[in-house]
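Text of the file start34.csv, holding CSV, C-alpha atoms:
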chain,number,residue,atom,x,y,z
V,511,MET,CA,-10.9,-28.0,153.3
V,512,GLY,CA,-13.0,-26.3,150.6
V,513,ILE,CA,-13.0,-27.0,146.9
V,514,THR,CA,-11.9,-24.1,144.6
V,515,VAL,CA,-13.9,-24.3,141.3
V,516,ALA,CA,-13.1,-22.3,138.2
V,517,VAL,CA,-16.0,-21.7,135.7
V,518,VAL,CA,-15.0,-21.3,132.1
V,519,ASP,CA,-18.0,-20.9,129.8
V,520,GLN,CA,-18.8,-18.8,126.8
V,521,GLU,CA,-22.3,-18.1,128.1
V,522,ALA,CA,-22.1,-15.2,130.5
V,523,THR,CA,-25.6,-15.6,131.9
V,524,PHE,CA,-25.0,-19.3,132.5
V,525,THR,CA,-21.6,-18.6,134.1
V,526,ASP,CA,-23.0,-16.0,136.5
V,527,ALA,CA,-26.0,-18.1,137.5
V,528,LEU,CA,-23.9,-21.2,138.0
V,529,ALA,CA,-21.3,-19.3,140.0
V,530,ALA,CA,-23.9,-17.8,142.3
V,531,ARG,CA,-25.5,-21.2,143.0
V,532,LEU,CA,-22.1,-22.9,143.7
V,533,GLN,CA,-20.9,-20.0,145.9
V,534,ALA,CA,-23.8,-20.7,148.3
V,535,GLU,CA,-22.2,-24.0,149.2
V,536,GLU,CA,-20.0,-23.8,152.3
V,537,ASP,CA,-17.3,-26.1,150.9
V,538,VAL,CA,-17.1,-24.4,147.4
V,539,GLU,CA,-15.2,-21.3,146.4
V,540,VAL,CA,-15.8,-20.1,142.8
V,541,VAL,CA,-13.4,-18.3,140.5
V,542,THR,CA,-14.8,-16.8,137.3
V,543,GLY,CA,-13.9,-14.1,134.8
V,544,MET,CA,-13.0,-16.3,131.8
V,545,LEU,CA,-12.4,-15.4,128.2
V,546,ALA,CA,-14.3,-18.0,126.2
V,547,ARG,CA,-12.4,-17.4,123.1
V,548,ALA,CA,-9.0,-17.6,124.7
V,549,ALA,CA,-6.9,-20.5,123.5
V,550,VAL,CA,-5.7,-21.2,127.0
V,551,PRO,CA,-8.5,-20.0,129.5
V,552,TYR,CA,-6.5,-21.8,132.2
V,553,MET,CA,-4.2,-18.8,132.2
V,554,ILE,CA,-7.1,-16.5,132.9
V,555,VAL,CA,-8.8,-18.6,135.6
V,556,GLY,CA,-8.1,-21.9,137.3
V,557,ARG,CA,-4.4,-21.6,138.0
V,558,ASN,CA,-5.1,-22.4,141.7
V,559,ALA,CA,-8.4,-24.2,141.2
V,560,ASP,CA,-9.1,-27.8,142.2
V,561,VAL,CA,-11.8,-28.3,139.7
V,562,MET,CA,-12.5,-26.5,136.4
V,563,LEU,CA,-16.1,-26.5,134.9
V,564,LEU,CA,-15.2,-26.1,131.2
V,565,ASP,CA,-17.7,-25.4,128.4
V,566,ALA,CA,-17.4,-28.4,126.1
V,567,ASP,CA,-19.1,-26.4,123.4
V,568,LEU,CA,-16.4,-23.8,123.0
V,569,PRO,CA,-15.5,-23.1,119.3
V,570,GLY,CA,-13.4,-25.7,117.5
V,571,ASP,CA,-11.5,-28.1,119.6
V,572,ILE,CA,-10.5,-25.6,122.3
V,573,ALA,CA,-12.0,-27.7,125.1
V,574,ALA,CA,-10.2,-30.9,124.0
V,575,ARG,CA,-6.9,-29.1,123.5
V,576,LEU,CA,-7.1,-27.6,126.9
V,577,CYS,CA,-7.8,-31.0,128.5
V,578,GLU,CA,-4.8,-32.4,126.7
V,579,GLU,CA,-2.5,-29.5,127.7
V,580,LEU,CA,-3.5,-29.7,131.4
V,581,SER,CA,-3.4,-33.5,131.7
V,582,GLY,CA,0.4,-33.6,132.2
V,583,ARG,CA,0.6,-30.8,134.8
V,584,GLU,CA,0.9,-31.8,138.4
V,585,ASP,CA,-1.0,-28.7,139.7
V,586,ALA,CA,-3.7,-28.6,137.1
V,587,PRO,CA,-7.4,-28.6,138.1
V,588,ARG,CA,-9.4,-31.7,137.2
V,589,ILE,CA,-11.8,-30.8,134.4
V,590,VAL,CA,-15.5,-31.3,134.3
V,591,LEU,CA,-16.9,-30.7,130.8
V,592,LEU,CA,-20.4,-29.1,130.6
V,593,SER,CA,-22.4,-29.4,127.4
V,594,HIS,CA,-25.9,-29.0,126.0
V,595,THR,CA,-25.4,-32.5,124.5
V,596,CYS,CA,-24.1,-35.9,125.7
V,597,GLU,CA,-22.9,-37.5,122.4
V,598,PRO,CA,-20.8,-40.6,123.3
V,599,ARG,CA,-18.1,-40.0,120.7
V,600,ARG,CA,-17.4,-36.5,122.0
V,601,ILE,CA,-17.4,-37.7,125.6
V,602,LEU,CA,-14.9,-40.4,124.7
V,603,GLU,CA,-12.6,-38.1,122.8
V,604,THR,CA,-12.3,-35.6,125.6
V,605,MET,CA,-11.9,-38.3,128.3
V,606,GLN,CA,-9.1,-39.8,126.3
V,607,VAL,CA,-7.2,-36.5,126.5
V,608,GLY,CA,-7.6,-35.9,130.2
V,609,ALA,CA,-11.1,-34.8,131.1
V,610,ALA,CA,-12.3,-36.2,134.4
V,611,ALA,CA,-16.1,-35.9,133.8
V,612,TRP,CA,-18.8,-34.9,131.4
V,613,LEU,CA,-22.1,-33.5,132.4
V,614,GLY,CA,-25.1,-32.0,130.7
V,615,LYS,CA,-25.8,-28.3,131.4
V,616,ASP,CA,-29.3,-29.2,132.3
V,617,ALA,CA,-28.1,-31.3,135.3
V,618,SER,CA,-29.5,-30.5,138.7
V,619,LEU,CA,-27.4,-28.6,141.2
V,620,ASP,CA,-27.3,-31.6,143.5
V,621,GLU,CA,-25.9,-33.8,140.6
V,622,LEU,CA,-23.3,-31.1,139.7
V,623,LEU,CA,-22.1,-30.9,143.3
V,624,ARG,CA,-21.8,-34.7,143.5
V,625,VAL,CA,-19.7,-34.7,140.4
V,626,ILE,CA,-17.5,-31.7,141.6
V,627,ARG,CA,-16.9,-33.3,145.0
V,628,GLY,CA,-16.2,-36.7,143.5
V,629,VAL,CA,-13.8,-35.3,140.8
V,630,ALA,CA,-12.0,-33.4,143.6
V,631,ARG,CA,-11.5,-36.7,145.3
V,632,GLY,CA,-9.9,-38.1,142.2
V,633,GLU,CA,-12.9,-39.9,140.7
V,634,THR,CA,-14.0,-40.0,137.0
V,635,TRP,CA,-17.6,-39.5,136.1
V,636,LEU,CA,-19.7,-40.2,132.9
V,637,PRO,CA,-23.4,-39.6,132.3
V,638,PRO,CA,-24.9,-43.0,133.4
V,639,ALA,CA,-27.1,-43.2,130.3
V,640,GLN,CA,-24.0,-42.9,128.1
V,641,THR,CA,-21.5,-45.1,130.0
V,642,GLY,CA,-22.4,-48.2,128.1
V,643,ALA,CA,-22.1,-46.5,124.7
V,644,VAL,CA,-18.8,-44.9,125.6
V,645,LEU,CA,-17.3,-48.2,126.7
V,646,ARG,CA,-18.6,-49.9,123.5
V,647,LEU,CA,-16.8,-47.2,121.5
V,648,LEU,CA,-13.6,-47.8,123.4
V,649,LEU,CA,-13.8,-51.5,122.8
V,650,ALA,CA,-14.6,-51.0,119.1
V,651,GLU,CA,-11.5,-48.8,118.7
V,652,ARG,CA,-9.3,-51.5,120.1
V,653,ASP,CA,-7.8,-54.1,117.8
V,654,ARG,CA,-10.2,-57.0,117.9
V,655,GLN,CA,-7.2,-59.4,117.7
V,656,LEU,CA,-5.7,-58.0,120.8
V,657,ASP,CA,-5.5,-60.6,123.5
V,658,ASN,CA,-6.8,-58.7,126.6
V,659,ASP,CA,-6.1,-61.6,128.9
V,660,ARG,CA,-2.5,-61.7,127.8
V,661,LEU,CA,-2.1,-58.0,128.3
V,662,LEU,CA,-3.7,-58.1,131.7
V,663,ALA,CA,-1.5,-61.0,132.7
V,664,THR,CA,1.6,-58.7,132.3
V,665,LEU,CA,0.3,-56.7,135.3
V,666,THR,CA,1.7,-57.4,138.8
V,667,PRO,CA,-0.8,-58.6,141.4
V,668,ARG,CA,-0.8,-55.1,143.0
V,669,GLU,CA,-1.4,-53.5,139.6
V,670,ARG,CA,-4.3,-55.8,138.9
V,671,GLU,CA,-5.7,-55.0,142.4
V,672,VAL,CA,-5.5,-51.3,141.6
V,673,LEU,CA,-7.2,-51.8,138.3
V,674,GLY,CA,-9.9,-53.9,139.9
V,675,TYR,CA,-10.8,-51.2,142.4
V,676,LEU,CA,-10.9,-48.6,139.6
V,677,ALA,CA,-13.2,-50.9,137.6
V,678,GLU,CA,-15.5,-51.0,140.6
V,679,GLY,CA,-15.7,-47.2,140.5
V,680,ALA,CA,-13.3,-46.2,143.2
V,681,GLY,CA,-11.3,-43.0,142.9
V,682,ARG,CA,-7.6,-42.7,143.3
V,683,ARG,CA,-7.8,-41.5,146.9
V,684,ASP,CA,-10.1,-44.4,147.7
V,685,VAL,CA,-7.7,-46.9,146.1
V,686,ALA,CA,-4.8,-45.4,148.1
V,687,ALA,CA,-6.8,-45.7,151.4
V,688,ARG,CA,-7.8,-49.3,150.7
V,689,LEU,CA,-4.2,-50.3,149.9
V,690,HIS,CA,-2.7,-48.1,152.7
V,691,VAL,CA,-0.4,-46.4,150.2
V,692,SER,CA,0.0,-42.8,149.1
V,693,THR,CA,-1.9,-41.3,146.1
V,694,HIS,CA,1.6,-40.8,144.5
V,695,THR,CA,2.1,-44.6,144.7
V,696,VAL,CA,-1.3,-45.1,143.1
V,697,ARG,CA,-0.5,-42.7,140.3
V,698,THR,CA,2.8,-44.6,139.7
V,699,HIS,CA,0.8,-47.9,139.5
V,700,LEU,CA,-1.6,-46.3,137.0
V,701,GLN,CA,1.3,-45.0,134.8
V,702,ASN,CA,2.7,-48.5,134.8
V,703,ILE,CA,-0.6,-50.1,134.1
V,704,MET,CA,-1.4,-47.8,131.1
V,705,ALA,CA,2.1,-48.4,129.7
V,706,LYS,CA,1.8,-52.2,129.9
V,707,LEU,CA,-1.7,-52.2,128.4
V,708,GLY,CA,-0.8,-49.7,125.7
V,709,VAL,CA,-3.6,-47.3,126.5
V,710,HIS,CA,-3.6,-43.6,127.2
V,711,SER,CA,-6.3,-43.2,129.9
V,712,VAL,CA,-7.6,-45.0,133.0
V,713,LEU,CA,-10.9,-45.4,131.3
V,714,GLU,CA,-9.3,-47.4,128.5
V,715,ALA,CA,-7.6,-49.6,131.0
V,716,VAL,CA,-10.8,-50.3,132.8
V,717,ALA,CA,-12.5,-51.0,129.5
V,718,LEU,CA,-10.1,-53.8,128.8
V,719,THR,CA,-11.3,-55.6,132.0
V,720,ARG,CA,-14.9,-55.6,130.6
V,721,PRO,CA,-16.2,-58.2,128.1
V,722,PRO,CA,-17.5,-56.9,124.8
V,723,ALA,CA,-21.2,-56.1,124.8

Written as structure tokens, that's how I'd like the structure from this file.
Amino acid sequence: MGITVAVVDQEATFTDALAARLQAEEDVEVVTGMLARAAVPYMIVGRNADVMLLDADLPGDIAARLCEELSGREDAPRIVLLSHTCEPRRILETMQVGAAAWLGKDASLDELLRVIRGVARGETWLPPAQTGAVLRLLLAERDRQLDNDRLLATLTPREREVLGYLAEGAGRRDVAARLHVSTHTVRTHLQNIMAKLGVHSVLEAVALTRPPA
């Protein structure tokens, strides 16, 4: 089954070139025609997409607001943010509100396709060079008095198993396959894990399993 990819970017030339390159892939179908200044470009393209390539450099906080709006929708595409920069604070803020990945606009086509296919499988992706900095920011934001071990101890053995697989880099579908359960069951476990740990994203939950740098 192919992956439907929506491209939402304020640079028309970049959008057209990217769409043409992606459309050449047998397993990718591209949807374009965005309005970069629309408050909700999701209503213009992406309604039926699996993955949305969203311009992280849209004016104001449009990209972050769109990520947050879509994060609670069952049928929403998973969002890959594309930017000319890879600043850890911006990456963190958008991941916290629902983005699945962040990638530089200068990334190679092979790298972009790996990210698209991984995100479509339920994975989360960060620029390798920025992963450490993003995780350090996450930890810095946490109350240093928080007893992580005590929080993690509130998880059931199965919830700890799910979190452990995620910390290893597995996507939700991979976790479901390893545990021989449905992706819906994994999603329920993740909701319970985040509620018990008092975090708002899987990335934050994973960060609690890592020792401070």

One decimal, Å: what's the distance from atom CA of V:Asn658 over to atom CA of V:Arg599, could you say?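 Separation of atom CA of V:Asn658 and atom CA of V:Arg599: 22.6 Å.
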
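Reported to one decimal place, the separation of atom CA of V:Glu633 from atom CA of V:Leu645 is 16.9 Å.
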
Which residues of stretch 529-642 of chain V have any atom within 12 Å of an atom in stretch 673-696 of chain V when counting all atoms listed in the file, and what is the closest pair of atoms for each, with the distance in Å to one decimal? Order the rows by chain and rising number and write it as JSON lines.
{"residue": "V:Glu584", "atom": "CA", "partner": "V:His694", "partner_atom": "CA", "distance": 10.9}
{"residue": "V:Ala610", "atom": "CA", "partner": "V:Gly681", "partner_atom": "CA", "distance": 10.9}
{"residue": "V:Arg627", "atom": "CA", "partner": "V:Gly681", "partner_atom": "CA", "distance": 11.4}
{"residue": "V:Gly628", "atom": "CA", "partner": "V:Gly681", "partner_atom": "CA", "distance": 8.0}
{"residue": "V:Val629", "atom": "CA", "partner": "V:Gly681", "partner_atom": "CA", "distance": 8.4}
{"residue": "V:Ala630", "atom": "CA", "partner": "V:Gly681", "partner_atom": "CA", "distance": 9.7}
{"residue": "V:Arg631", "atom": "CA", "partner": "V:Arg683", "partner_atom": "CA", "distance": 6.3}
{"residue": "V:Gly632", "atom": "CA", "partner": "V:Gly681", "partner_atom": "CA", "distance": 5.1}
{"residue": "V:Glu633", "atom": "CA", "partner": "V:Gly681", "partner_atom": "CA", "distance": 4.1}
{"residue": "V:Thr634", "atom": "CA", "partner": "V:Gly681", "partner_atom": "CA", "distance": 7.1}
{"residue": "V:Trp635", "atom": "CA", "partner": "V:Gly679", "partner_atom": "CA", "distance": 9.1}
{"residue": "V:Leu636", "atom": "CA", "partner": "V:Gly679", "partner_atom": "CA", "distance": 11.1}

If we count all atoms listed in the file and set the cut-off at 10 Å, which residues sit around stretch 520-536 of chain V, ignoring sequence neighbours fewer than 3 positions away in its own chain? Please answer as a list in words.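 Selected residues are Gly512, Ile513, Thr514, Val515, Ala516, Val517, Glu539, Val540, Val541, Thr542, Gly543, Met544, Leu545, Ala546, Arg547, Leu563, Leu564, Asp565, Ala566, Asp567, Leu568, Pro569, Lys615, Leu619, Leu622 and Leu623 of chain V.
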
What is the distance between atom CA of V:Gly570 and atom CA of V:Arg600, in Å to one decimal?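 For atom CA of V:Gly570 relative to atom CA of V:Arg600, the distance reads 12.4 Å.
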
Export stretch 596-684 of chain V from the structure block above, keeping C-alpha atoms, as a short mmCIF file (atom, residue, chain, number, x, y, z; two decimals), in the first residue's frame.
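Resulting contents of part.cif:
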data_model
loop_
_atom_site.label_atom_id
_atom_site.label_comp_id
_atom_site.auth_asym_id
_atom_site.auth_seq_id
_atom_site.Cartn_x
_atom_site.Cartn_y
_atom_site.Cartn_z
CA CYS V 596 17.52 22.84 13.10
CA GLU V 597 17.42 24.79 16.36
CA PRO V 598 16.88 22.41 19.32
CA ARG V 599 14.39 24.64 21.15
CA ARG V 600 12.11 24.94 18.11
CA ILE V 601 12.37 21.21 17.46
CA LEU V 602 11.39 20.46 21.05
CA GLU V 603 8.45 22.85 21.08
CA THR V 604 6.90 21.39 17.95
CA MET V 605 7.51 17.78 18.97
CA GLN V 606 5.79 18.51 22.26
CA VAL V 607 2.63 19.58 20.44
CA GLY V 608 2.42 16.63 18.10
CA ALA V 609 5.00 16.75 15.29
CA ALA V 610 6.43 13.36 14.38
CA ALA V 611 9.70 14.50 12.83
CA TRP V 612 11.91 17.48 12.02
CA LEU V 613 14.16 17.61 8.98
CA GLY V 614 16.32 20.22 7.31
CA LYS V 615 15.24 21.36 3.86
CA ASP V 616 18.73 20.54 2.62
CA ALA V 617 18.31 16.84 3.44
CA SER V 618 18.88 14.37 0.65
CA LEU V 619 15.95 12.69 -1.08
CA ASP V 620 17.02 9.32 0.35
CA GLU V 621 16.99 10.73 3.87
CA LEU V 622 13.61 12.37 3.37
CA LEU V 623 12.13 9.13 2.04
CA ARG V 624 13.49 7.19 5.03
CA VAL V 625 11.84 9.68 7.35
CA ILE V 626 8.53 9.64 5.45
CA ARG V 627 8.37 5.85 5.43
CA GLY V 628 9.39 5.61 9.06
CA VAL V 629 6.87 8.21 10.18
CA ALA V 630 4.15 6.42 8.18
CA ARG V 631 4.98 3.31 10.26
CA GLY V 632 4.46 5.28 13.45
CA GLU V 633 8.06 6.23 14.20
CA THR V 634 9.39 9.55 15.51
CA TRP V 635 12.51 11.12 14.01
CA LEU V 636 14.92 13.86 15.08
CA PRO V 637 18.04 15.16 13.32
CA PRO V 638 20.77 12.91 14.78
CA ALA V 639 23.05 15.89 15.43
CA GLN V 640 20.33 17.57 17.52
CA THR V 641 18.91 14.59 19.42
CA GLY V 642 21.20 15.00 22.40
CA ALA V 643 20.52 18.74 22.67
CA VAL V 644 16.75 18.20 22.44
CA LEU V 645 16.80 15.55 25.14
CA ARG V 646 18.93 17.79 27.38
CA LEU V 647 16.38 20.58 26.97
CA LEU V 648 13.61 18.20 27.90
CA LEU V 649 15.42 17.13 31.03
CA ALA V 650 16.26 20.73 31.93
CA GLU V 651 12.57 21.60 31.78
CA ARG V 652 11.66 18.89 34.22
CA ASP V 653 11.64 19.62 37.90
CA ARG V 654 15.06 18.50 39.11
CA GLN V 655 13.45 17.31 42.31
CA LEU V 656 11.24 14.91 40.41
CA ASP V 657 11.95 11.34 41.36
CA ASN V 658 12.02 9.63 37.97
CA ASP V 659 12.48 6.19 39.46
CA ARG V 660 9.40 6.65 41.61
CA LEU V 661 7.36 7.76 38.61
CA LEU V 662 8.55 4.91 36.42
CA ALA V 663 7.75 2.48 39.24
CA THR V 664 4.08 3.42 38.90
CA LEU V 665 4.02 1.83 35.44
CA THR V 666 2.84 -1.74 35.01
CA PRO V 667 5.34 -4.32 33.71
CA ARG V 668 3.70 -4.15 30.27
CA GLU V 669 3.82 -0.33 30.24
CA ARG V 670 7.53 -0.42 31.13
CA GLU V 671 8.05 -2.93 28.33
CA VAL V 672 6.31 -0.63 25.84
CA LEU V 673 8.36 2.36 27.02
CA GLY V 674 11.56 0.34 26.83
CA TYR V 675 10.94 -0.55 23.19
CA LEU V 676 10.20 3.09 22.38
CA ALA V 677 13.42 4.16 24.09
CA GLU V 678 15.25 1.75 21.78
CA GLY V 679 13.77 3.59 18.81
CA ALA V 680 10.94 1.24 17.87
CA GLY V 681 7.80 2.69 16.27
CA ARG V 682 4.29 1.96 17.49
CA ARG V 683 3.68 -0.70 14.87
CA ASP V 684 6.96 -2.38 15.75
#
